[in-house]
Structures are given as C-alpha cells and as structure tokens.
$ cat coords32.txt   # compact mmCIF, C-alpha atoms
# COMPACT_ATOMS: atom_id res chain seq x y z
CA MET C 1 -13.73 -2.30 33.49
CA GLY C 2 -14.02 -4.83 30.71
CA ILE C 3 -17.48 -3.98 29.49
CA VAL C 4 -16.73 -0.28 29.12
CA GLN C 5 -13.69 -1.09 27.06
CA VAL C 6 -15.63 -3.44 24.81
CA VAL C 7 -18.43 -0.96 24.25
CA LEU C 8 -16.01 1.88 23.52
CA PHE C 9 -14.14 -0.38 21.16
CA GLY C 10 -17.34 -1.17 19.33
CA ILE C 11 -18.25 2.50 19.06
CA ILE C 12 -14.80 3.39 17.72
CA ALA C 13 -15.06 0.60 15.17
CA THR C 14 -18.44 1.90 14.04
CA MET C 15 -17.13 5.43 13.64
CA LEU C 16 -14.14 4.25 11.65
CA TYR C 17 -16.46 2.17 9.52
CA LEU C 18 -18.60 5.20 8.76
CA ILE C 19 -15.52 7.22 7.84
CA VAL C 20 -13.86 4.61 5.69
CA LYS C 21 -17.05 3.31 4.07
CA ASP C 22 -17.23 6.06 1.47
CA VAL C 23 -13.53 6.04 0.70
CA ALA C 24 -12.67 2.39 0.45
CA ARG C 25 -15.39 -0.22 0.66
CA PRO C 26 -13.36 -3.44 1.24
CA PHE C 27 -11.32 -1.90 4.01
CA ALA C 28 -14.46 -0.82 5.83
CA PHE C 29 -15.61 -4.43 5.79
CA PHE C 30 -12.26 -5.50 7.21
CA ILE C 31 -12.59 -2.99 10.02
CA ILE C 32 -15.90 -4.52 11.11
CA PHE C 33 -14.44 -7.99 10.75
CA VAL C 34 -11.44 -7.22 12.93
CA ALA C 35 -13.60 -5.44 15.47
CA SER C 36 -15.78 -8.50 15.88
CA LEU C 37 -12.69 -10.68 16.10
CA VAL C 38 -11.11 -8.57 18.82
CA ILE C 39 -14.29 -8.36 20.89
CA LEU C 40 -14.77 -12.10 20.63
CA PHE C 41 -11.17 -12.55 21.65
CA ALA C 42 -11.67 -10.48 24.74
CA VAL C 43 -14.80 -12.42 25.65
CA ILE C 44 -13.18 -15.79 25.02
CA ASN C 45 -10.48 -15.05 27.55
CA GLU C 46 -13.15 -14.44 30.19
CA ILE C 47 -15.06 -17.55 29.26
CA ASN C 48 -12.16 -19.67 30.43
CA ALA C 49 -13.03 -18.93 34.06
CA ILE C 50 -16.65 -19.89 33.55
CA ILE C 51 -15.65 -23.17 31.99
CA GLN C 52 -13.42 -23.96 34.92
CA LEU C 53 -16.41 -23.34 37.17
CA ILE C 54 -18.63 -25.67 35.15
CA TYR C 55 -15.97 -28.35 35.34
CA ARG C 56 -15.70 -28.11 39.08
CA LEU C 57 -19.46 -28.19 39.54
CA GLY C 58 -19.65 -31.25 37.30
CA GLN C 59 -16.98 -33.00 39.29
CA LYS C 60 -18.84 -32.28 42.51
CA ALA C 61 -22.08 -33.62 41.05
CA SER C 62 -20.05 -36.58 39.75
CA VAL C 63 -21.25 -36.12 36.19
CA HIS C 64 -19.22 -38.06 33.68
CA HIS C 65 -16.74 -35.59 32.14
CA MET C 66 -17.62 -36.78 28.65
CA TYR C 67 -20.95 -34.95 28.87
CA ILE C 68 -19.38 -31.69 29.92
CA ASP C 69 -16.78 -31.99 27.20
CA THR C 70 -19.46 -32.50 24.61
CA VAL C 71 -21.42 -29.50 25.79
CA LEU C 72 -18.30 -27.34 25.68
CA LYS C 73 -17.43 -28.55 22.20
CA ILE C 74 -20.93 -27.71 21.06
CA ILE C 75 -20.63 -24.23 22.48
CA GLY C 76 -17.29 -23.79 20.70
CA VAL C 77 -18.70 -24.92 17.37
CA ALA C 78 -21.63 -22.59 17.86
CA TYR C 79 -19.27 -19.68 18.48
CA ILE C 80 -17.19 -20.30 15.39
CA THR C 81 -20.25 -20.85 13.23
CA GLU C 82 -21.87 -17.69 14.50
CA LEU C 83 -18.74 -15.68 13.76
CA GLY C 84 -18.37 -17.02 10.25
CA ALA C 85 -22.06 -16.62 9.45
CA ASN C 86 -22.13 -13.05 10.73
CA VAL C 87 -19.05 -12.05 8.77
CA THR C 88 -20.38 -13.47 5.54
CA LYS C 89 -23.74 -11.82 6.21
CA ASP C 90 -21.98 -8.48 6.76
CA ALA C 91 -20.27 -8.93 3.44
CA GLY C 92 -23.68 -9.31 1.86
CA LEU C 93 -23.62 -13.04 1.16
CA SER C 94 -26.55 -14.28 3.19
CA SER C 95 -26.86 -17.48 1.14
CA VAL C 96 -23.32 -18.52 2.12
CA ALA C 97 -24.10 -17.48 5.69
CA SER C 98 -27.10 -19.79 5.82
CA LYS C 99 -24.95 -22.65 4.48
CA ILE C 100 -22.39 -22.01 7.21
CA GLU C 101 -25.15 -22.08 9.79
CA LEU C 102 -26.44 -25.32 8.38
CA ALA C 103 -22.98 -26.84 8.59
CA GLY C 104 -22.71 -25.65 12.18
CA LYS C 105 -26.03 -27.27 13.10
CA ILE C 106 -24.99 -30.54 11.52
CA PHE C 107 -21.66 -30.55 13.30
CA ILE C 108 -23.42 -29.87 16.59
CA LEU C 109 -25.73 -32.83 15.97
CA LEU C 110 -22.69 -34.91 15.14
CA LEU C 111 -21.09 -33.97 18.43
CA ALA C 112 -24.31 -34.74 20.25
CA ILE C 113 -24.62 -38.27 18.87
CA PRO C 114 -23.01 -40.02 21.88
CA ILE C 115 -25.27 -38.17 24.29
CA VAL C 116 -28.38 -38.86 22.24
CA THR C 117 -27.57 -42.55 21.97
CA SER C 118 -26.97 -42.86 25.69
CA VAL C 119 -30.26 -41.05 26.39
CA VAL C 120 -32.08 -43.37 24.04
CA GLU C 121 -30.53 -46.39 25.70
CA LEU C 122 -31.55 -45.05 29.07
CA ILE C 123 -35.11 -44.58 27.90
CA LEU C 124 -35.14 -48.06 26.45
CA GLN C 125 -34.10 -49.38 29.84
CA PHE C 126 -36.98 -47.54 31.52
CA VAL C 127 -39.59 -48.36 28.94
CA PRO C 128 -39.12 -51.91 27.75
CA VAL C 129 -40.69 -52.55 24.39
CA ASN C 130 -39.88 -56.20 24.27
CA GLY C 131 -42.55 -58.46 25.82
CA ASP C 132 -39.95 -60.94 27.04
CA MET C 133 -38.18 -58.29 28.94
CA ILE C 134 -41.36 -57.28 30.74
CA PHE C 135 -41.94 -60.78 31.73
CA GLU C 136 -38.42 -61.29 32.86
CA GLN C 137 -38.33 -58.21 34.95
CA ARG C 138 -41.47 -59.15 36.78
CA MET D 1 11.07 7.61 20.01
CA LYS D 2 8.54 5.90 17.77
CA ILE D 3 7.19 9.25 16.68
CA ILE D 4 10.64 10.51 15.76
CA GLY D 5 11.19 7.43 13.61
CA ALA D 6 7.80 7.91 11.98
CA PHE D 7 8.66 11.51 11.16
CA CYS D 8 11.98 10.40 9.69
CA ILE D 9 10.28 7.91 7.38
CA VAL D 10 7.63 10.37 6.24
CA PHE D 11 10.27 13.04 5.72
CA ALA D 12 12.50 10.71 3.71
CA THR D 13 9.80 9.49 1.34
CA SER D 14 8.39 13.01 0.94
CA PHE D 15 11.88 14.20 0.08
CA LEU D 16 12.19 11.42 -2.48
CA GLY D 17 8.92 12.48 -4.06
CA PHE D 18 9.93 16.15 -4.09
CA ASP D 19 13.29 15.27 -5.59
CA MET D 20 11.70 13.29 -8.40
CA SER D 21 9.22 16.04 -9.13
CA ASN D 22 12.06 18.56 -9.04
CA THR D 23 13.90 16.59 -11.69
CA LEU D 24 10.90 17.02 -13.97
CA THR D 25 10.63 20.74 -13.26
CA ASN D 26 14.35 21.28 -13.66
CA ARG D 27 14.42 19.49 -16.99
CA THR D 28 11.84 21.86 -18.40
CA ARG D 29 13.78 24.86 -17.16
CA GLN D 30 17.09 23.58 -18.42
CA LEU D 31 15.71 22.74 -21.84
CA LYS D 32 14.32 26.26 -22.07
CA GLN D 33 17.72 27.68 -21.21
CA LEU D 34 19.43 25.49 -23.77
CA ILE D 35 17.07 26.73 -26.45
CA VAL D 36 17.71 30.33 -25.47
CA SER D 37 21.46 29.71 -25.52
CA LEU D 38 21.26 28.19 -28.98
CA GLN D 39 19.28 31.15 -30.24
CA MET D 40 21.90 33.54 -28.87
CA MET D 41 24.62 31.39 -30.38
CA GLU D 42 22.90 31.67 -33.74
CA ALA D 43 22.76 35.42 -33.51
CA GLU D 44 26.41 35.64 -32.48
CA MET D 45 27.55 33.29 -35.24
CA VAL D 46 25.60 34.84 -38.05
CA TYR D 47 25.83 38.53 -37.22
CA SER D 48 28.85 39.22 -35.00
CA LYS D 49 31.03 36.44 -36.48
CA ARG D 50 33.03 35.89 -33.33
CA THR D 51 35.13 32.86 -32.44
CA LEU D 52 33.54 29.98 -30.58
CA GLN D 53 35.40 30.84 -27.40
CA GLN D 54 34.07 34.38 -27.41
CA ILE D 55 30.56 33.17 -28.10
CA PHE D 56 30.70 30.72 -25.23
CA HIS D 57 32.05 33.42 -23.00
CA VAL D 58 29.11 35.66 -23.83
CA LEU D 59 26.63 32.82 -23.30
CA ARG D 60 28.17 31.94 -19.97
CA SER D 61 27.31 35.27 -18.43
CA LYS D 62 23.66 35.14 -19.47
CA LEU D 63 22.57 31.72 -18.20
CA ASP D 64 21.83 29.90 -14.96
CA TYR D 65 23.60 27.18 -13.03
CA PRO D 66 23.97 23.87 -14.88
CA ILE D 67 24.04 25.28 -18.39
CA THR D 68 26.41 28.10 -17.52
CA ASP D 69 28.86 25.57 -16.09
CA PHE D 70 28.82 23.78 -19.38
CA TYR D 71 29.73 26.87 -21.37
CA ASP D 72 32.21 27.97 -18.76
CA ASN D 73 34.10 24.68 -19.01
CA LEU D 74 34.03 24.90 -22.80
CA THR D 75 35.53 28.39 -22.68
CA LYS D 76 38.27 27.22 -20.37
CA ARG D 77 39.15 24.21 -22.43
CA LEU D 78 39.29 26.25 -25.63
CA ASN D 79 42.06 28.33 -24.02
CA GLY D 80 44.61 25.58 -24.55
CA ARG D 81 45.60 23.81 -27.72
CA VAL D 82 42.56 22.33 -29.35
CA THR D 83 42.91 19.59 -31.92
CA ASN D 84 39.40 18.21 -31.97
CA PHE D 85 36.53 20.41 -30.88
CA TYR D 86 33.94 17.64 -31.08
CA SER D 87 35.66 15.47 -28.46
CA ILE D 88 35.73 18.41 -26.02
CA TRP D 89 32.08 19.11 -26.75
CA SER D 90 30.99 15.52 -26.12
CA GLN D 91 33.08 15.22 -22.96
CA GLU D 92 31.53 18.37 -21.57
CA LEU D 93 28.10 17.13 -22.53
CA GLU D 94 28.71 13.99 -20.49
CA SER D 95 29.57 16.05 -17.44
CA LEU D 96 26.57 18.28 -18.10
CA ARG D 97 24.34 15.22 -18.09
CA THR D 98 25.55 14.19 -14.65
CA ILE D 99 24.90 17.57 -13.04
CA SER D 100 21.67 18.46 -14.83
CA SER D 101 18.29 16.74 -15.07
CA LEU D 102 18.51 16.30 -18.83
CA THR D 103 17.78 12.87 -20.26
CA ALA D 104 20.01 10.84 -22.56
CA ASN D 105 17.76 11.84 -25.43
CA ASP D 106 18.32 15.57 -24.90
CA VAL D 107 22.07 15.08 -24.68
CA GLU D 108 22.03 13.01 -27.85
CA ILE D 109 20.43 15.90 -29.74
CA LEU D 110 23.21 18.21 -28.54
CA GLN D 111 25.84 15.61 -29.48
CA GLN D 112 24.51 15.58 -33.03
CA PHE D 113 24.62 19.34 -33.06
CA GLY D 114 28.22 19.36 -31.83
CA ARG D 115 29.30 17.35 -34.83
CA THR D 116 28.21 20.18 -37.12
CA ILE D 117 29.84 23.09 -35.27
CA GLY D 118 32.51 24.73 -37.33
CA GLN D 119 32.09 22.39 -40.29
CA HIS D 120 29.92 24.60 -42.44
CA SER D 121 29.41 28.11 -43.70
CA ALA D 122 27.48 30.54 -41.52
CA HIS D 123 24.33 30.01 -43.54
CA GLU D 124 24.37 26.24 -43.20
CA GLN D 125 25.40 26.45 -39.57
CA ARG D 126 22.34 28.52 -38.98
CA LYS D 127 20.15 25.80 -40.47
CA HIS D 128 21.73 23.23 -38.17
CA ILE D 129 21.13 25.41 -35.15
CA GLN D 130 17.52 25.86 -36.12
CA LEU D 131 17.11 22.14 -36.56
CA THR D 132 18.56 21.52 -33.11
CA ILE D 133 16.31 24.17 -31.63
CA TYR D 134 13.35 22.49 -33.26
CA HIS D 135 14.27 19.13 -31.77
CA LEU D 136 14.83 20.63 -28.35
CA GLN D 137 11.50 22.40 -28.63
CA LEU D 138 9.80 19.05 -29.15
CA GLU D 139 11.55 17.68 -26.08
CA LEU D 140 10.55 20.78 -24.15
CA ASP D 141 6.89 20.32 -25.05
CA GLN D 142 7.06 16.71 -23.95
CA SER D 143 8.84 17.62 -20.76
CA ARG D 144 6.31 20.33 -19.97
CA ASP D 145 3.47 17.90 -20.50
CA LYS D 146 5.12 15.35 -18.22
CA GLN D 147 5.78 17.98 -15.60
CA GLN D 148 2.17 19.10 -15.57
CA ARG D 149 0.95 15.55 -15.18
CA TYR D 150 3.41 14.02 -12.77
CA ALA D 151 5.04 16.78 -10.70
CA THR D 152 2.25 17.16 -8.14
CA MET D 153 1.46 13.45 -8.30
CA LEU D 154 4.99 12.49 -7.31
CA LYS D 155 4.95 14.87 -4.35
CA THR D 156 1.64 13.53 -3.08
CA ILE D 157 2.53 9.91 -3.64
CA GLY D 158 5.85 10.28 -1.86
CA PHE D 159 4.16 11.70 1.21
CA LEU D 160 1.35 9.13 1.16
CA PHE D 161 3.72 6.21 0.84
CA GLY D 162 5.65 7.47 3.83
CA LEU D 163 2.42 7.59 5.79
CA LEU D 164 1.52 4.10 4.65
CA ILE D 165 4.85 2.67 5.77
CA VAL D 166 4.52 4.38 9.14
CA ILE D 167 1.04 2.96 9.66
CA LEU D 168 2.19 -0.49 8.66
CA LEU D 169 5.08 -0.40 11.09
CA PHE D 170 3.11 1.09 13.93
CA MET Q 1 -8.06 -8.29 29.06
CA LEU Q 2 -6.40 -5.98 26.68
CA ILE Q 3 -8.37 -4.36 23.91
CA ASP Q 4 -6.55 -1.78 21.90
CA ALA Q 5 -8.06 0.01 18.98
CA THR Q 6 -4.65 0.40 17.31
CA ILE Q 7 -5.37 -2.31 14.79
CA LEU Q 8 -8.65 -0.70 13.81
CA PHE Q 9 -6.96 2.63 13.22
CA GLN Q 10 -4.20 0.87 11.35
CA ILE Q 11 -6.60 -0.78 8.96
CA ALA Q 12 -8.61 2.40 8.55
CA GLY Q 13 -5.40 4.32 7.84
CA ILE Q 14 -4.17 1.82 5.30
CA GLY Q 15 -7.56 1.87 3.64
CA ILE Q 16 -7.78 5.63 3.41
CA ILE Q 17 -4.22 6.06 2.20
CA THR Q 18 -4.46 3.37 -0.46
CA ALA Q 19 -7.71 4.94 -1.59
CA LEU Q 20 -5.96 8.33 -1.84
CA ILE Q 21 -3.03 6.88 -3.77
CA HIS Q 22 -5.52 5.12 -6.02
CA THR Q 23 -7.34 8.39 -6.71
CA VAL Q 24 -4.15 10.33 -7.39
CA LEU Q 25 -2.77 7.70 -9.73
CA LYS Q 26 -6.07 7.42 -11.53
CA GLN Q 27 -6.20 11.17 -12.06
CA VAL Q 28 -2.92 11.18 -13.93
CA GLY Q 29 -3.98 8.19 -15.97
CA LYS Q 30 -1.87 5.42 -14.45
CA GLU Q 31 -4.83 3.15 -13.95
CA ASP Q 32 -2.91 -0.12 -13.98
CA ILE Q 33 -0.59 1.03 -11.22
CA ALA Q 34 -3.59 2.35 -9.29
CA GLN Q 35 -5.22 -1.06 -9.43
CA PHE Q 36 -1.99 -2.66 -8.33
CA VAL Q 37 -1.65 -0.35 -5.34
CA SER Q 38 -5.22 -1.11 -4.28
CA LEU Q 39 -4.55 -4.82 -4.57
CA VAL Q 40 -1.38 -4.59 -2.49
CA GLY Q 41 -3.15 -2.61 0.22
CA PHE Q 42 -5.93 -5.14 0.25
CA ILE Q 43 -3.50 -8.02 0.61
CA ILE Q 44 -1.66 -6.31 3.44
CA VAL Q 45 -4.89 -5.82 5.35
CA LEU Q 46 -5.92 -9.38 4.56
CA VAL Q 47 -2.69 -10.68 6.07
CA ILE Q 48 -3.24 -8.67 9.26
CA VAL Q 49 -6.84 -9.85 9.56
CA ILE Q 50 -6.04 -13.49 8.93
CA HIS Q 51 -3.30 -13.35 11.52
CA HIS Q 52 -5.85 -12.25 14.11
CA LEU Q 53 -8.41 -14.74 12.92
CA ALA Q 54 -5.90 -17.57 13.36
CA ASP Q 55 -5.17 -16.33 16.88
CA LEU Q 56 -8.84 -16.31 17.77
CA PHE Q 57 -9.54 -19.75 16.35
CA GLN Q 58 -6.57 -21.16 18.19
CA GLN Q 59 -7.94 -19.72 21.40
CA ILE Q 60 -11.41 -21.11 20.78
CA ARG Q 61 -10.02 -24.53 20.02
CA SER Q 62 -7.88 -24.65 23.11
CA ILE Q 63 -10.69 -23.48 25.40
CA PHE Q 64 -13.53 -25.57 23.99
CA LEU Q 65 -11.44 -28.73 23.75
CA LEU Q 66 -11.73 -28.93 20.00
CA LYS Q 67 -8.13 -30.07 19.70
CA GLY Q 68 -8.68 -33.01 17.38
CA SER Q 69 -11.33 -32.04 14.88

$ encode --input "coords32.txt" --output "structure tokens"
Amino acid sequence: MGIVQVVLFGIIATMLYLIVKDVARPFAFFIIFVASLVILFAVINEINAIIQLIYRLGQKASVHHMYIDTVLKIIGVAYITELGANVTKDAGLSSVASKIELAGKIFILLLAIPIVTSVVELILQFVPVNGDMIFEQR
Amino acid sequence: MKIIGAFCIVFATSFLGFDMSNTLTNRTRQLKQLIVSLQMMEAEMVYSKRTLQQIFHVLRSKLDYPITDFYDNLTKRLNGRVTNFYSIWSQELESLRTISSLTANDVEILQQFGRTIGQHSAHEQRKHIQLTIYHLQLELDQSRDKQQRYATMLKTIGFLFGLLIVILLF
Amino acid sequence: MLIDATILFQIAGIGIITALIHTVLKQVGKEDIAQFVSLVGFIIVLVIVIHHLADLFQQIRSIFLLKGS
C-alpha cells in the first residue's frame, strides 16, 4: 500500500528530525528537505497515470490539446513553486518563500496568456462592441 | 556481505586510531625508561666505575622492550674491536628510532649525549648526563601533555570516521 | 513505488557523526579542524540532497511537459 508507506516514511523523517535537531541543526533541515523530496517523488510517479487519463478524456471530448498542455504545465509550475517555497519557509526564510510564490504566480499567468487571449477573443465574438459589427450581423 | 565489509572498514579505521594513540602512549613510557636508564648509567659511571660494556649489560637486564634492545645491541657490538664508539652509538640510535615511538627530536638529544661519552672525567660526564636527563624530562612533559590531550581523541575519531565512511558507502 | 528510508538514516547518521567529531575535536582545542570537518559533512549531505532534487525536477519536467522552459 502506497499511502501507508508514505505516512510511515513521514513519521520516520519526523522522528529523525527530532533526534538530529539538537545535535546538528543543518542536517536536521536536510532530513526534512529530503523527506519532502522523496514523498513528492513517490506521488509524482502516480500522477503520471492521472495525466494519461486526462489526456484520453480530452481527446474524447475533442478539446484542443494545447489547453490540456497548458493546464498540466501550470500544475507542474505550481508543484515546483510549492516545494521551493515550503523548503525556504522551513529554513526560516519566509520572505524568500513569498518571493518564490510570487514568481510562481507570475509564471502561471504567463503560461495562461494564450488561454486568456483566446477566451477574450471568444467573448468579443459573442458581445460585439463595435456598432458596425452589430449592424452587419443583423 | 555488506555488513562484513562495513565491519572491516570500522575495524581498520579504529585500529588506525588506536595505533596512533598507542604511539603517543608508548613515547611517554619509552622516554621515562630512557631517563631511568640514564640515571642508572650515572650511578654506575660515578660510583662503580665500570666499563661501558658492563654498564650497558647491567642496564639491559633492568629495562623493557625497545630500550633494552638498544643496550643489548650496544653490548654485543662492544665485544669486538671498537675504533669509534660514537659511530656505533649513532647507528644503534637509528635502529632504535625505527622500532620505538621516539621522535627525531628525542633521538637528537641522545645523539648529542653520545658525543660526550668517554670524552671527559667522571665529574664532567655526570654533568652531561644530567643535562641530557633534563632535556629528556622536558620532552617527557611535552609528550605526557600530548598524550593526555590526544590519546582518547584519536581513538574516538578513528572509530567515528570508520562509521562515517560506512554510512556514506551504504 | 519504492520509498526507502535509507537516505534519511544516512543523512541523520552523517549529521550525528560529524557533530560528534566536531565536539571531540573542539574539546581538545582543534577548532579549525572541527570547523573543517563540519563543512565537509555539510557538503557531502548537500551533494546527496541536490542529486535527489535534480532527479525530482527532471521527473516533474518530463511529466508536466515543461521540456523547453
């Protein structure tokens, strides 16, 4: 069972952290860091199957694969940003963590630009603002 | 298999640490013995007035391993024809240095002392012996200080480094 | 899925042992060497961690199609 393993792993990491914390501070931090890395690694491997599922569903609904790609990229960026922000926060540098989060948000917006523009264009098609166009369409 | 290898590594580095700490301990002991031997030599020279060979023979029976070898070899070499005592003395000192834990500094003090043997009257010889004993005493104090500080440290560090290597390789 | 806690124990072990060596060396007054040992232990752990981090990022990139950027 995957979940049992992950939880046990987390508990072991916590115990080791408590033991090492008093002896050697930086190494304790590294233990937590590696624990989060390994757990994420385990989860990432599972995520692959879910992504395949999303792809297949999208193909069946004949969604353009660009949209799915963008969503996946955004999820990936969010993952990496979250990891980096959490690690820096654990190390006690919350200001750097907030900067990393900001960068992540901006990159997500950047990735979303094509979708946003296409949505805006779609809306403009539905809601014509130009008087000529209204006339023409009638 | 892995565990056997791990034990081997820990054993080897621990042994290294023990060996290094033993060198420190042995040096203190050997310096002490040298001082004792010089004091006995002084007594023999000044009061019993024996020959060097007889003195060395007496010393040989009263000391422990590395130092007794030194005097033993000297006794043997004095059996034959001797033209230059100092060259014998310095040669034997060289071989003593290889089998004992003494440093080059300690041996140098004894070399200096060897140059004076048999060159002076009993009274002056006694002064030289006392000077040598004084120098060796200084070395002994230093050695004892070093031993107290580093002997246990070397043992612990040897063991810990072995453990570290094992963990790294695991 | 293969999670093994070996790496955690490895890092914890390295940490504890370097800390011990540091303490022992400091007690006998070899502070510079003690600092050096701590630094070396730290770097070793850093190398291990960065190795794993690179693995993880590679995985994320290949799964979430972030090949280019």

$ interface_residues --input "coords32.txt" --of "chain Q" --to "chain D" --cutoff "9 Å" --atoms "only C-alpha atoms" --output "list in words"
Thr6, Phe9, Gln10, Ile11, Gly13, Ile14, Ile17, Thr18, Leu20, Ile21, Val24, Leu25, Gln27, Val28, Gly29 and Ile44 of chain Q

$ atom_distance --input "coords32.txt" --atom1 "CA of Gln112 in chain D" --atom2 "CA of Met20 in chain D"
27.9 Å

$ closest_residue --input "coords32.txt" --among "C:Val96, C:Leu53, C:Ile47, C:Gly76" --to "chain Q" --atoms "all atoms listed in the file"
C:Gly76

$ residues_near_point --input "coords32.txt" --point "(-8.1, -14.2, 14.4)" --cutoff "10 Å" --atoms "only C-alpha atoms" --output "ChimeraX atom specification"
/C:33-34,36-38,40-41 /Q:48-60

$ atom_distance --input "coords32.txt" --atom1 "CA of Val20 in chain C" --atom2 "CA of Gly15 in chain Q"
7.2 Å

$ atom_distance --input "coords32.txt" --atom1 "CA of Ser14 in chain D" --atom2 "CA of Ala151 in chain D"
12.7 Å

$ residues_near_point --input "coords32.txt" --point "(30.0, 15.6, -35.4)" --cutoff "12 Å" --atoms "all atoms listed in the file" --output "PyMOL selection string"
chain D and resi 84-90+108-120+128

$ write_last_selection --input "coords32.txt" --atoms "C-alpha atoms" --output "CSV table (one decimal), keeping the file's coordinate frame"
chain,number,residue,atom,x,y,z
D,84,ASN,CA,39.4,18.2,-32.0
D,85,PHE,CA,36.5,20.4,-30.9
D,86,TYR,CA,33.9,17.6,-31.1
D,87,SER,CA,35.7,15.5,-28.5
D,88,ILE,CA,35.7,18.4,-26.0
D,89,TRP,CA,32.1,19.1,-26.8
D,90,SER,CA,31.0,15.5,-26.1
D,108,GLU,CA,22.0,13.0,-27.8
D,109,ILE,CA,20.4,15.9,-29.7
D,110,LEU,CA,23.2,18.2,-28.5
D,111,GLN,CA,25.8,15.6,-29.5
D,112,GLN,CA,24.5,15.6,-33.0
D,113,PHE,CA,24.6,19.3,-33.1
D,114,GLY,CA,28.2,19.4,-31.8
D,115,ARG,CA,29.3,17.4,-34.8
D,116,THR,CA,28.2,20.2,-37.1
D,117,ILE,CA,29.8,23.1,-35.3
D,118,GLY,CA,32.5,24.7,-37.3
D,119,GLN,CA,32.1,22.4,-40.3
D,120,HIS,CA,29.9,24.6,-42.4
D,128,HIS,CA,21.7,23.2,-38.2

$ interface_residues --input "coords32.txt" --of "chain C" --to "chain Q" --cutoff "10 Å" --atoms "all atoms listed in the file" --output "NGL selection string"
:C and (1-2 or 5-6 or 8-10 or 12-13 or 16-17 or 19-28 or 30-35 or 37-48 or 51-52 or 69-77 or 79-80)

$ residues_around --input "coords32.txt" --residues "His135 in chain D" --least-positions-apart "3" --cutoff "10 Å" --atoms "only C-alpha atoms" --output "list in words"
Ile35, Asp106, Ile109, Leu110, Ile129, Gln130, Leu131, Thr132, Leu138, Glu139 and Leu140 of chain D

$ decode --input "coords32.txt" --residues "range 134-155 of chain D" --atoms "C-alpha atoms" --output "PDB file, in the first residue's frame"
ATOM      1  CA  TYR D 134      66.944  17.476  31.892  1.00  0.00           C
ATOM      2  CA  HIS D 135      66.305  17.702  28.156  1.00  0.00           C
ATOM      3  CA  LEU D 136      64.574  14.339  28.099  1.00  0.00           C
ATOM      4  CA  GLN D 137      62.478  15.419  31.059  1.00  0.00           C
ATOM      5  CA  LEU D 138      61.245  18.391  29.059  1.00  0.00           C
ATOM      6  CA  GLU D 139      60.360  16.093  26.172  1.00  0.00           C
ATOM      7  CA  LEU D 140      58.633  13.754  28.601  1.00  0.00           C
ATOM      8  CA  ASP D 141      56.482  16.567  29.985  1.00  0.00           C
ATOM      9  CA  GLN D 142      55.526  17.576  26.481  1.00  0.00           C
ATOM     10  CA  SER D 143      54.799  14.012  25.495  1.00  0.00           C
ATOM     11  CA  ARG D 144      52.668  13.464  28.573  1.00  0.00           C
ATOM     12  CA  ASP D 145      50.687  16.588  27.832  1.00  0.00           C
ATOM     13  CA  LYS D 146      50.137  15.477  24.240  1.00  0.00           C
ATOM     14  CA  GLN D 147      49.129  12.021  25.366  1.00  0.00           C
ATOM     15  CA  GLN D 148      46.554  13.374  27.772  1.00  0.00           C
ATOM     16  CA  ARG D 149      45.045  15.585  25.111  1.00  0.00           C
ATOM     17  CA  TYR D 150      45.110  13.419  22.026  1.00  0.00           C
ATOM     18  CA  ALA D 151      45.198   9.753  23.046  1.00  0.00           C
ATOM     19  CA  THR D 152      41.462   9.345  23.673  1.00  0.00           C
ATOM     20  CA  MET D 153      40.627  11.771  20.881  1.00  0.00           C
ATOM     21  CA  LEU D 154      42.486   9.696  18.302  1.00  0.00           C
ATOM     22  CA  LYS D 155      40.714   6.522  19.388  1.00  0.00           C
TER      23      LYS D 155
END
